[in-house]
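Novice: Data: input_38.cif, mmCIF, C-alpha atoms and all ligand atoms.
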```
data_coords
#
loop_
_atom_site.label_atom_id
_atom_site.label_comp_id
_atom_site.auth_asym_id
_atom_site.auth_seq_id
_atom_site.Cartn_x
_atom_site.Cartn_y
_atom_site.Cartn_z
CA MET A 673 -157.19 24.41 -13.15
CA VAL A 674 -157.24 27.03 -10.40
CA LYS A 675 -155.05 30.00 -11.28
CA ASN A 676 -152.49 31.40 -8.85
CA LYS A 677 -153.53 34.75 -7.43
CA ILE A 678 -151.09 37.63 -7.17
CA LEU A 679 -151.66 40.91 -5.40
CA ILE A 680 -150.07 44.07 -6.82
CA LEU A 681 -150.04 46.56 -3.99
CA TYR A 682 -148.84 50.06 -4.80
CA HIS A 683 -149.20 53.70 -3.87
CA SER A 684 -149.77 56.04 -6.82
CA GLN A 685 -150.84 59.63 -6.36
CA GLN A 686 -148.78 62.31 -8.09
CA TYR A 687 -148.61 61.46 -11.83
CA GLY A 688 -149.76 57.83 -12.02
CA HIS A 689 -146.23 56.47 -12.59
CA LEU A 690 -146.67 53.62 -10.13
CA HIS A 691 -150.03 52.80 -11.68
CA THR A 692 -148.39 52.48 -15.11
CA MET A 693 -145.72 50.20 -13.65
CA ALA A 694 -148.33 48.14 -11.75
CA GLU A 695 -150.31 47.60 -14.96
CA ALA A 696 -147.17 46.32 -16.70
CA VAL A 697 -146.48 43.93 -13.80
CA ALA A 698 -150.10 42.72 -14.11
CA GLU A 699 -149.61 42.10 -17.82
CA GLY A 700 -146.56 39.93 -17.13
CA ILE A 701 -148.49 37.98 -14.49
CA GLN A 702 -151.47 37.39 -16.77
CA LYS A 703 -149.26 36.32 -19.70
CA ALA A 704 -147.60 33.81 -17.36
CA GLY A 705 -151.03 32.32 -16.62
CA ALA A 706 -151.88 33.75 -13.18
CA GLU A 707 -154.49 36.19 -11.92
CA ALA A 708 -153.44 39.73 -10.96
CA THR A 709 -155.29 42.06 -8.59
CA LEU A 710 -154.28 45.72 -8.59
CA PHE A 711 -154.71 47.68 -5.36
CA ASN A 712 -153.75 51.36 -4.98
CA THR A 713 -153.25 52.05 -1.26
CA ASN A 714 -153.67 55.76 -1.96
CA HIS A 715 -157.37 55.09 -2.57
CA SER A 716 -158.16 53.03 0.50
CA ARG A 717 -156.65 50.90 3.24
CA PHE A 718 -156.07 47.30 2.20
CA ASN A 719 -158.01 44.76 4.28
CA ILE A 720 -155.15 42.69 5.63
CA GLU A 721 -157.31 39.57 6.07
CA ALA A 722 -157.65 39.44 2.27
CA TYR A 723 -153.87 39.08 1.99
CA ARG A 724 -154.20 35.46 3.19
CA HIS A 725 -155.82 34.52 -0.16
CA TYR A 726 -152.87 35.49 -2.38
CA ASP A 727 -149.98 33.27 -3.49
CA ALA A 728 -147.48 36.09 -4.08
CA VAL A 729 -147.24 39.86 -3.90
CA ALA A 730 -145.69 42.69 -5.91
CA VAL A 731 -145.19 45.97 -4.03
CA GLY A 732 -144.60 49.33 -5.69
CA SER A 733 -143.77 52.56 -3.90
CA PRO A 734 -142.87 56.11 -4.86
CA ASP A 735 -139.89 57.62 -3.11
CA TYR A 736 -141.42 59.96 -0.54
CA PHE A 737 -138.71 61.87 1.34
CA SER A 738 -136.25 58.99 0.76
CA TYR A 739 -138.72 56.55 2.33
CA ILE A 740 -141.67 54.40 1.21
CA ALA A 741 -145.17 55.93 0.99
CA GLY A 742 -146.97 56.05 4.35
CA THR A 743 -149.92 53.95 3.13
CA LEU A 744 -147.55 51.06 2.40
CA LYS A 745 -146.05 51.41 5.88
CA THR A 746 -149.63 51.14 7.22
CA PHE A 747 -150.06 47.92 5.23
CA LEU A 748 -146.93 46.52 6.88
CA ASP A 749 -148.09 47.57 10.35
CA ASP A 750 -151.46 45.86 9.73
CA TRP A 751 -149.65 42.78 8.39
CA PHE A 752 -147.41 42.54 11.45
CA LEU A 753 -150.33 42.80 13.89
CA ALA A 754 -152.44 40.26 11.95
CA LYS A 755 -149.49 37.86 11.70
CA SER A 756 -148.96 38.10 15.46
CA ARG A 757 -152.55 36.93 15.97
CA GLU A 758 -152.54 34.21 13.25
CA PRO A 759 -149.60 33.72 10.86
CA GLU A 760 -151.34 31.13 8.62
CA GLY A 761 -151.54 32.53 5.07
CA LEU A 762 -149.63 35.69 5.86
CA VAL A 763 -145.98 34.62 5.81
CA ASN A 764 -143.38 33.42 3.28
CA LYS A 765 -144.92 34.59 0.02
CA PRO A 766 -142.63 35.45 -2.93
CA VAL A 767 -142.24 39.26 -3.16
CA ALA A 768 -141.36 41.46 -6.14
CA LEU A 769 -140.58 45.16 -5.75
CA PHE A 770 -140.77 48.26 -7.92
CA LEU A 771 -139.91 51.87 -7.16
CA SER A 772 -140.53 55.23 -8.79
CA TYR A 773 -138.79 58.50 -7.98
CA ASP A 774 -137.80 61.89 -9.27
CA ARG A 775 -134.00 62.15 -9.36
CA GLY A 776 -133.68 60.60 -5.88
CA GLY A 777 -134.33 56.93 -5.26
CA ARG A 778 -133.02 56.53 -1.74
CA ALA A 779 -136.31 54.87 -0.71
CA ARG A 780 -134.94 51.69 -2.27
CA GLN A 781 -133.28 50.78 1.00
CA SER A 782 -136.45 51.04 3.10
CA LEU A 783 -138.55 49.29 0.44
CA GLU A 784 -136.20 46.29 0.28
CA MET A 785 -135.53 46.16 4.00
CA LEU A 786 -139.14 46.46 5.16
CA PHE A 787 -140.81 44.25 2.56
CA SER A 788 -138.24 41.46 2.90
CA ARG A 789 -140.32 40.57 5.97
CA LEU A 790 -143.14 39.30 3.76
CA GLY A 791 -141.02 36.60 2.09
CA LYS A 792 -138.19 35.94 -0.34
CA GLN A 793 -137.55 38.68 -2.91
CA VAL A 794 -137.89 37.58 -6.54
CA GLY A 795 -135.60 39.12 -9.17
CA SER A 796 -134.20 42.61 -8.76
CA ILE A 797 -136.16 45.69 -7.84
CA VAL A 798 -137.35 47.63 -10.93
CA GLU A 799 -136.53 51.31 -10.52
CA CYS A 800 -137.83 54.21 -12.56
CA ASP A 801 -136.68 57.84 -12.59
CA GLY A 802 -139.58 59.97 -13.85
CA GLU A 803 -142.09 58.70 -16.39
CA PRO A 804 -141.95 54.95 -17.09
CA ASP A 805 -140.70 54.32 -20.65
CA SER A 806 -141.01 51.15 -22.71
CA ALA A 807 -137.85 49.65 -21.17
CA VAL A 808 -139.23 50.13 -17.65
CA ARG A 809 -142.60 48.68 -18.64
CA ALA A 810 -140.84 45.66 -20.17
CA ALA A 811 -138.80 45.19 -16.97
CA CYS A 812 -142.04 45.33 -14.94
CA GLU A 813 -143.67 42.72 -17.21
CA ASP A 814 -140.65 40.51 -16.80
CA LEU A 815 -140.81 40.93 -13.02
CA GLY A 816 -144.48 39.86 -13.03
CA ALA A 817 -143.61 36.71 -14.99
CA LYS A 818 -140.72 35.89 -12.64
CA LEU A 819 -143.06 36.25 -9.66
CA VAL A 820 -145.45 33.67 -11.13
CA GLN A 821 -142.55 31.26 -11.73
CA ALA A 822 -141.41 31.67 -8.09
CA ILE A 823 -144.71 30.39 -6.65
CA PRO A 824 -143.99 26.94 -5.17
C1 LIG A 901 -144.72 64.13 -0.90
C2 LIG A 901 -143.71 63.72 -1.95
C3 LIG A 901 -142.40 63.46 -1.58
C4 LIG A 901 -141.46 63.09 -2.55
N1 LIG A 901 -140.17 62.85 -2.18
C5 LIG A 901 -139.25 62.45 -3.10
C6 LIG A 901 -137.90 62.17 -2.73
O1 LIG A 901 -137.49 62.31 -1.58
N2 LIG A 901 -137.04 61.73 -3.71
C7 LIG A 901 -137.44 61.58 -5.01
O2 LIG A 901 -136.63 61.16 -5.83
N3 LIG A 901 -138.73 61.81 -5.39
C8 LIG A 901 -139.64 62.26 -4.47
N4 LIG A 901 -140.94 62.50 -4.86
C9 LIG A 901 -141.33 62.26 -6.26
C10 LIG A 901 -142.10 60.94 -6.48
O3 LIG A 901 -141.44 59.83 -5.86
C11 LIG A 901 -142.25 60.64 -7.97
O4 LIG A 901 -142.79 61.74 -8.65
C12 LIG A 901 -143.07 59.38 -8.27
O5 LIG A 901 -142.85 59.01 -9.62
C13 LIG A 901 -144.57 59.60 -8.06
O6 LIG A 901 -145.27 58.42 -8.39
P1 LIG A 901 -146.84 58.50 -8.78
O7 LIG A 901 -146.97 59.37 -9.97
O8 LIG A 901 -147.27 57.08 -9.05
O9 LIG A 901 -147.56 59.04 -7.56
C14 LIG A 901 -141.87 62.93 -3.91
C15 LIG A 901 -143.21 63.20 -4.25
C16 LIG A 901 -144.12 63.60 -3.29
C17 LIG A 901 -145.56 63.86 -3.69
#
```
Written as C-alpha cells, that's how I'd like the structure from this file.

Specialist:
Amino acid sequence: MVKNKILILYHSQQYGHLHTMAEAVAEGIQKAGAEATLFNTNHSRFNIEAYRHYDAVAVGSPDYFSYIAGTLKTFLDDWFLAKSREPEGLVNKPVALFLSYDRGGRARQSLEMLFSRLGKQVGSIVECDGEPDSAVRAACEDLGAKLVQAIP
C-alpha cells in the first residue's frame, strides 16, 4: 500500500525548539502509518512545485516580532504565485500548526490567518513557551497523528 506523504515545514534557527517540535510531529505521523518529510526553511527555500506531491502539511513557526518567520512568508508567497498558474495539487490540504515563542506568542494570529489559505486546519495549534517539554512533545505527536487521520 502506498503511504500518505506529509510535509513538515518549519523555521528553526535560534535554539532548535521548532526542530524538536517538528521531530515530535514526525513521530506521530510515522506511528499513524504515514511518511513524514522534515524541511527547515531556515536552511533553504522550499521548491514549491514539490508541494504538489504531499497529502497534508504541518507548519511550525517561531514568533518573530509577533509575526511568523520571513522564510515561511516566502513559502506562502511562492505558493500563491504557483497556485495562480496551476492550482492542481496545491489547494485544500489538511493543515496542522505549531508555534514556539519566548514569553510572547502573538504570532499565533498571523500563523493561523495566513496558513488557513492552504486548507482546513486540523486540531488546535500547539504552542510552546521556551524549551519544548515532554507535554509539548506529546501534543506535537498527537497533532501529527490527527493530521494523518484528516487525510481524505
Ligand atoms: C529575530 C527574533 C525575533 C523574535 N521575536 C520574538 C517575539 O516577538 N516574541 C516572542 O515571544 N519571541 C520572540 N523571539 C523568540 C523566538 O520565537 C523563540 O526563541 C523560539 O523558540 C525560537 O525557535 P528556534 O529555537 O526553533 O529558532 C524572537 C527571536 C528572534 C531570533

Novice: Which residues are near ligand LIG 901 (chain A) - at most 6 Å, using all atoms listed in the file? Format: as a PDB file with C-alpha atoms, in the frame of the given file.

Specialist:
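Dumped to pocket_38.pdb:
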```
ATOM      1  CA  SER A 684    -149.770  56.040  -6.820  1.00  0.00           C
ATOM      2  CA  GLN A 685    -150.840  59.630  -6.360  1.00  0.00           C
ATOM      3  CA  GLN A 686    -148.780  62.310  -8.090  1.00  0.00           C
ATOM      4  CA  TYR A 687    -148.610  61.460 -11.830  1.00  0.00           C
ATOM      5  CA  GLY A 688    -149.760  57.830 -12.020  1.00  0.00           C
ATOM      6  CA  HIS A 689    -146.230  56.470 -12.590  1.00  0.00           C
ATOM      7  CA  LEU A 690    -146.670  53.620 -10.130  1.00  0.00           C
ATOM      8  CA  HIS A 691    -150.030  52.800 -11.680  1.00  0.00           C
ATOM      9  CA  PRO A 734    -142.870  56.110  -4.860  1.00  0.00           C
ATOM     10  CA  ASP A 735    -139.890  57.620  -3.110  1.00  0.00           C
ATOM     11  CA  TYR A 736    -141.420  59.960  -0.540  1.00  0.00           C
ATOM     12  CA  PHE A 737    -138.710  61.870   1.340  1.00  0.00           C
ATOM     13  CA  SER A 738    -136.250  58.990   0.760  1.00  0.00           C
ATOM     14  CA  SER A 772    -140.530  55.230  -8.790  1.00  0.00           C
ATOM     15  CA  TYR A 773    -138.790  58.500  -7.980  1.00  0.00           C
ATOM     16  CA  ASP A 774    -137.800  61.890  -9.270  1.00  0.00           C
ATOM     17  CA  ARG A 775    -134.000  62.150  -9.360  1.00  0.00           C
ATOM     18  CA  GLY A 776    -133.680  60.600  -5.880  1.00  0.00           C
ATOM     19  CA  GLY A 777    -134.330  56.930  -5.260  1.00  0.00           C
ATOM     20  CA  GLY A 802    -139.580  59.970 -13.850  1.00  0.00           C
TER      21      GLY A 802
END
```

Novice: Go ahead and compute the interatomic distance for CA of Lys677 in chain A and CA of Ala811 in chain A, in Å to one decimal.

Specialist: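 These atoms are spaced 20.4 Å apart.
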
Novice: Mind listing whatever residues come within 12 Å of the point (-140.3, 38.2, -4.0)? Use all atoms listed in the file, file coordinates, and give them as JSON, numbers by chain.

Specialist: {"A": [678, 679, 680, 727, 728, 729, 730, 731, 763, 764, 765, 766, 767, 768, 769, 770, 784, 787, 788, 789, 790, 791, 792, 793, 794, 795, 796, 797, 815, 816, 817, 818, 819, 820, 821, 822, 823, 824]}

Novice: Could you tell me how far CA of Asp750 in chain A sits from CA of Asp801 in chain A, in Å to one decimal place?

Specialist: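 Computing the Euclidean distance for CA of Asp801 in chain A and CA of Asp750 in chain A yields 29.3 Å.
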
Novice: Just how far from CA of Met693 in chain A is CA of Val798 in chain A, in Å to one decimal?

Specialist: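 Taking CA of Val798 in chain A and CA of Met693 in chain A, their separation equals 9.2 Å.
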
Novice: Would you list the contacts of Asn712 in chain A as number ranges by chain, taking every protein, DNA or RNA residue within 7 Å and counting only C-alpha atoms, but skipping same-chain residues closer than 4 positions in sequence?

Specialist: A: 681-684

Novice: From the set A:Cys800, A:Val808, A:Ala694, A:Ala779, which residue has the shortest atom-to-atom contact distance to Gly732 in chain A, counting only C-alpha atoms?

Specialist: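 Among the listed residues, the smallest separation from Gly732 in chain A belongs to A:Ala694.
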
Novice: Neighbourhood query: residues within 12 Å of (-157.0, 28.1, -9.6), file coordinates, counting all atoms listed in the file; return as a ChimeraX atom specification.

Specialist: /A:673-678,705-707,725-727

Novice: Put the listed atoms of range 675-692 of chain A in a box along x, y and z with 8 Å added on every side and give me the centre and edge lengths in Å to one decimal, as lines of an AutoDock Vina configuration file.

Specialist:
```
center_x = -150.6
center_y = 46.2
center_z = -9.5
size_x = 24.8
size_y = 48.3
size_z = 27.2
```

Novice: When distances are computed from all atoms listed in the file, which of A:Lys703, A:Lys745, A:Arg757, A:His715 shows the smallest separation from Leu783 in chain A?

Specialist: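 So, comparing all the options, the nearest one is A:Lys745.
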
Novice: So, counting all atoms listed in the file, which residue among A:Pro759, A:Trp751, A:Ser733, A:Cys812 is closest to Thr713 in chain A?

Specialist: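 Nearest to Thr713 in chain A: A:Ser733.
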
Novice: Would you mind telling me which residue in A:Ile720, A:Ala754, A:Leu710, A:Ala807 lies nearest to Glu695 in chain A when using all atoms listed in the file?

Specialist: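 Distance minimum relative to Glu695 in chain A lands on A:Leu710.
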
Novice: From the set A:Gly761, A:Pro804, A:Ala810, A:Phe752, which residue has the shortest atom-to-atom contact distance to Leu786 in chain A, counting all atoms listed in the file?

Specialist: A:Phe752

Novice: Identify which of the residues A:Glu760, A:Val697, A:Phe718, A:Leu771 lies closest to Thr746 in chain A, counting only C-alpha atoms when measuring atom-to-atom distances.

Specialist: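 Distance minimum relative to Thr746 in chain A lands on A:Phe718.
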